[in-house]
Amino acid sequence: MKKILVKASKTYPVLIDTNLLGNCGNFIKEAVSPLPAKVALFCDDKVEPLYADTVENSLKASGFETYRFIFKNGEEQKHIGTITQMIEFLAQNDFTRKDLAVALGGGVTGDMTGFSAAIFKRGIRFVQIPTTLLAMVDSSVGGKTGCNLSVGKNLAGAFYQPELVLCDISCLETLDDKNFSCGIAEAIKTAVIQDAELFDLFKKKVTSKDTETLKEIIGRCVEIKAGVVAQDEKESGLRQILNFGHTIGHAIEKLSSYKTAHGEAVAIGMAVITKAFTKLGKVNSALYGDLISVLETNSLPVKHNYTKQELFSAALSDKKRSADSITVVYSPELGKAELLPLKLNEFESLIASSF
Ligand SMILES: NC(=O)c1ccc[n+]([C@@H]2O[C@H](COP(=O)([O-])OP(=O)(O)OC[C@H]3O[C@@H](n4cnc5c(N)ncnc54)[C@H](O)[C@@H]3O)[C@@H](O)[C@H]2O)c1
């Protein structure tokens, strides 16, 4: 089993291996101190029939009193109405600050459970059990929690770290190809900005059956994210590099009314930004071609059908924007990332140069 410690405002372990769910009660007992009495399990209606019983049985066997809250799966559910239901559920079941919330699912479940845990009674503890590759390589680690508002993605939220992250690679066997590729997109993002060797692993298509390769990929991505978060937990500087591909990606998600999945949108966003900066002569000549090839090998989209104006307008609701500027992340060469603050008119020209 791989164990990586994240040292942020709170230090917590990330455990990575196969077949961890059936023993999650014991892992929680080891990591969460003092022990909670009650545990609320949050998961969506697609994950529940697959894994909720296994998790709940293990929690019960470890002596916890368990409660289960289920919501409809999908990004459309990641709104403040679902958060209200989650915290009402905790209140109605008389949860106290000594108790625990567990997120069992993908990034949507993790982000919303974390946010609910952050605001309920000003903070109860929570554990992340990610079941998508995207959540394992990215969203379950680092403490960004939240939900979408009508104006844009993740506009309400809190930085709030979990007590433990349990990545059970066996869960990936039930994940469909599209969602698997979405996780690969975030892992490719991490490789492009920080780890040229990791990038090489994606030159051959990675599948959910490649357990050892996945353990390596998830481990490297978590180590890199832990390193960045340890230096800049609240994203005042360095952490922004993790948003490579995300400003355009979030715009594409919004323009598609969230029909384009987050990982697919990030793949297109990385392609758009790298093309634009290549045209400006700021990117090593091989990178754009290598990136497109690796994304396509892993069944990820690299193109969109929106106009320059649509993309620019939608990108303006990005959190990284201030009144008259926006910080854009690009990679000048494999394994490196740069942050570039641009005036809004410069950003508009940058988008235009990607066409
Ligand atoms: N907090 C962060 O740092 C961070 C980072 C990246 C992305 N995110 C957020 O994460 C979200 C995307 O995460 P996601 O792609 O995991 O989305 P998701 O949670 O919607 O999961 C995708 C789909 O897979 C299903 N699913 C989950 N696990 C499964 C399994 N093992 N087998 C079969 N089906 C399974 C879910 O029910 C859902 O339908 C976005 O909202 C994004 O904003 C957050």
# chains A, B, ... in the order shown; residues from 1 in each chain; ligands from 1
call {"tool": "residues_near_ligand", "arguments": {"ligand": "ligand 1", "cutoff": "6 Å", "atoms": "only C-alpha atoms and all ligand atoms", "output": "ChimeraX atom specification"}}
result
/A:44,46-47,73-75,105-109,111,131-132,134-135,138-139,144-145,171-172,174-175,179,262
call {"tool": "residues_around", "arguments": {"residues": "Gly123 (chain A)", "least_positions_apart": "3", "cutoff": "12 Å", "atoms": "only C-alpha atoms", "output": "VMD selection string"}}
result
chain A and resid 87 90 95 to 101 113 to 120 126 158 to 162
call {"tool": "residues_around", "arguments": {"residues": "Met86 (chain A)", "least_positions_apart": "3", "cutoff": "9 Å", "atoms": "only C-alpha atoms", "output": "ChimeraX atom specification"}}
result
/A:42,69,81-83,89-91,112-113,116
call {"tool": "residues_around", "arguments": {"residues": "Ile248 (chain A)", "least_positions_apart": "5", "cutoff": "12 Å", "atoms": "only C-alpha atoms", "output": "PyMOL selection string"}}
result
chain A and resi 153+243+253-255+262-274+276+302-304+306+308+310-318+320+326-330+347-348+350-351+354
call {"tool": "write_last_selection", "arguments": {"atoms": "C-alpha atoms", "output": "compact mmCIF listing (two decimals), in the first residue's frame"}}
result
# COMPACT_ATOMS: atom_id res chain seq x y z
CA LYS A 153 -18.41 26.65 -11.42
CA ASN A 243 -5.54 25.15 -12.82
CA GLU A 253 -18.42 23.14 -19.05
CA LYS A 254 -20.64 26.17 -18.54
CA LEU A 255 -21.29 26.72 -22.28
CA HIS A 262 -15.04 18.33 -16.25
CA GLY A 263 -12.12 16.13 -17.36
CA GLU A 264 -13.05 16.40 -21.04
CA ALA A 265 -13.36 20.17 -20.69
CA VAL A 266 -9.92 20.34 -19.03
CA ALA A 267 -8.44 18.31 -21.91
CA ILE A 268 -9.86 20.80 -24.42
CA GLY A 269 -8.75 23.69 -22.19
CA MET A 270 -5.14 22.42 -22.10
CA ALA A 271 -5.17 22.05 -25.90
CA VAL A 272 -6.62 25.55 -26.46
CA ILE A 273 -4.18 27.32 -24.11
CA THR A 274 -1.14 25.41 -25.37
CA ALA A 276 -2.46 29.89 -28.18
CA VAL A 302 -9.10 18.34 -27.97
CA LYS A 303 -11.54 20.58 -29.92
CA HIS A 304 -14.71 22.58 -29.28
CA TYR A 306 -17.74 27.58 -29.58
CA LYS A 308 -14.12 33.27 -29.62
CA GLU A 310 -18.62 32.75 -26.36
CA LEU A 311 -15.42 31.33 -24.90
CA PHE A 312 -14.18 34.72 -23.70
CA SER A 313 -17.50 35.71 -22.08
CA ALA A 314 -17.90 32.35 -20.34
CA ALA A 315 -14.30 32.43 -19.08
CA LEU A 316 -14.90 35.79 -17.36
CA SER A 317 -16.86 34.11 -14.53
CA ASP A 318 -13.66 32.28 -13.53
CA LYS A 320 -9.12 33.58 -10.80
CA ILE A 326 -7.08 37.18 -15.24
CA THR A 327 -4.18 34.85 -14.44
CA VAL A 328 -3.56 32.25 -17.11
CA VAL A 329 -1.48 29.08 -16.60
CA TYR A 330 0.59 27.66 -19.44
CA PHE A 347 -6.83 37.49 -22.65
CA GLU A 348 -9.41 38.03 -25.40
CA LEU A 350 -5.02 35.08 -26.51
CA ILE A 351 -8.28 33.16 -26.97
CA SER A 354 -6.14 29.65 -30.43
call {"tool": "atom_distance", "arguments": {"atom1": "CA of Ala37 (chain A)", "atom2": "CA of Tyr12 (chain A)"}}
result
20.1 Å
call {"tool": "closest_atom_pairs", "arguments": {"of": "region 107-212 of chain A", "to": "region 218-233 of chain A", "cutoff": "7 Å", "atoms": "only C-alpha atoms", "output": "tab-separated table"}}
result
residue	atom	partner	partner_atom	distance
A:Met136	CA	A:Ile218	CA	6.5
A:Val137	CA	A:Ile218	CA	5.1
A:Gly142	CA	A:Val229	CA	6.1
A:Ala187	CA	A:Cys221	CA	6.4
A:Thr190	CA	A:Cys221	CA	6.3
call {"tool": "residues_around", "arguments": {"residues": "Tyr67 (chain A)", "least_positions_apart": "6", "cutoff": "9 Å", "atoms": "only C-alpha atoms", "output": "MDAnalysis selection string"}}
result
chainID A and resid 38:42 56 93
call {"tool": "write_last_selection", "arguments": {"atoms": "N, CA and C atoms", "output": "PDB file, in the first residue's frame"}}
result
ATOM      1  N   LYS A  38     -20.862   8.855  15.561  1.00  0.00           N
ATOM      2  CA  LYS A  38     -21.737   8.728  14.388  1.00  0.00           C
ATOM      3  C   LYS A  38     -20.970   9.035  13.105  1.00  0.00           C
ATOM      4  N   VAL A  39     -21.301   8.298  12.055  1.00  0.00           N
ATOM      5  CA  VAL A  39     -20.697   8.567  10.750  1.00  0.00           C
ATOM      6  C   VAL A  39     -21.810   8.708   9.713  1.00  0.00           C
ATOM      7  N   ALA A  40     -21.821   9.830   8.986  1.00  0.00           N
ATOM      8  CA  ALA A  40     -22.794  10.026   7.909  1.00  0.00           C
ATOM      9  C   ALA A  40     -22.113   9.731   6.583  1.00  0.00           C
ATOM     10  N   LEU A  41     -22.677   8.781   5.855  1.00  0.00           N
ATOM     11  CA  LEU A  41     -22.119   8.393   4.554  1.00  0.00           C
ATOM     12  C   LEU A  41     -22.890   9.132   3.464  1.00  0.00           C
ATOM     13  N   PHE A  42     -22.164   9.927   2.664  1.00  0.00           N
ATOM     14  CA  PHE A  42     -22.794  10.660   1.566  1.00  0.00           C
ATOM     15  C   PHE A  42     -22.379  10.037   0.246  1.00  0.00           C
ATOM     16  N   GLU A  56     -20.533   0.723   4.611  1.00  0.00           N
ATOM     17  CA  GLU A  56     -21.325   0.819   5.832  1.00  0.00           C
ATOM     18  C   GLU A  56     -21.093  -0.399   6.746  1.00  0.00           C
ATOM     19  N   ASN A  93     -30.331  14.425  12.299  1.00  0.00           N
ATOM     20  CA  ASN A  93     -29.815  13.223  12.967  1.00  0.00           C
ATOM     21  C   ASN A  93     -28.892  13.567  14.140  1.00  0.00           C
TER      22      ASN A  93
END
call {"tool": "closest_residue", "arguments": {"among": "A:Asp45, A:Glu296, A:Glu346, A:Glu338", "to": "Gln240 (chain A)", "atoms": "only C-alpha atoms"}}
result
A:Glu338
call {"tool": "residues_around", "arguments": {"residues": "Val32 (chain A)", "least_positions_apart": "3", "cutoff": "9 Å", "atoms": "only C-alpha atoms", "output": "PyMOL selection string"}}
result
chain A and resi 27-29+35-36+100+125+127+163-164
call {"tool": "residues_around", "arguments": {"residues": "Phe202 (chain A)", "least_positions_apart": "5", "cutoff": "9 Å", "atoms": "only C-alpha atoms", "output": "mmCIF file with C-alpha atoms, in the first residue's frame"}}
result
data_model
loop_
_atom_site.group_PDB
_atom_site.id
_atom_site.type_symbol
_atom_site.label_atom_id
_atom_site.label_comp_id
_atom_site.auth_asym_id
_atom_site.auth_seq_id
_atom_site.Cartn_x
_atom_site.Cartn_y
_atom_site.Cartn_z
ATOM 1 C CA ILE A 184 -6.644 10.571 -17.077
ATOM 2 C CA ILE A 188 -2.004 14.350 -17.773
ATOM 3 C CA VAL A 294 -1.327 11.813 -25.605
ATOM 4 C CA LEU A 295 -4.857 13.211 -25.087
ATOM 5 C CA THR A 297 -4.451 8.210 -27.348
ATOM 6 C CA ASN A 298 -6.399 8.311 -24.081
#
call {"tool": "select_by_dssp", "arguments": {"residues": "region 199-355 of chain A", "states": "strand (DSSP E)", "output": "PDB file with C-alpha atoms, in the first residue's frame"}}
result
ATOM      1  CA  SER A 325      -7.214  40.960 -15.277  1.00  0.00           C
ATOM      2  CA  ILE A 326      -7.078  37.177 -15.245  1.00  0.00           C
ATOM      3  CA  THR A 327      -4.178  34.853 -14.436  1.00  0.00           C
ATOM      4  CA  VAL A 328      -3.561  32.248 -17.110  1.00  0.00           C
ATOM      5  CA  VAL A 329      -1.484  29.077 -16.600  1.00  0.00           C
ATOM      6  CA  TYR A 330       0.594  27.657 -19.441  1.00  0.00           C
ATOM      7  CA  GLU A 338       4.132  29.515 -15.675  1.00  0.00           C
ATOM      8  CA  LEU A 339       1.504  31.918 -14.372  1.00  0.00           C
ATOM      9  CA  LEU A 340       0.796  34.963 -16.532  1.00  0.00           C
ATOM     10  CA  PRO A 341      -1.542  37.756 -15.399  1.00  0.00           C
ATOM     11  CA  LEU A 342      -3.234  39.269 -18.461  1.00  0.00           C
ATOM     12  CA  LYS A 343      -5.438  42.313 -18.944  1.00  0.00           C
TER      13      LYS A 343
END
call {"tool": "select_by_dssp", "arguments": {"residues": "region 152-315 of chain A", "states": "helix (DSSP H, G or I)", "output": "MDAnalysis selection string"}}
result
chainID A and resid 169:174 177:194 196:203 211:231 238:243 246:255 262:279 287:297 308:315
call {"tool": "atom_distance", "arguments": {"atom1": "CA of Leu5 (chain A)", "atom2": "CA of Val165 (chain A)"}}
result
9.9 Å
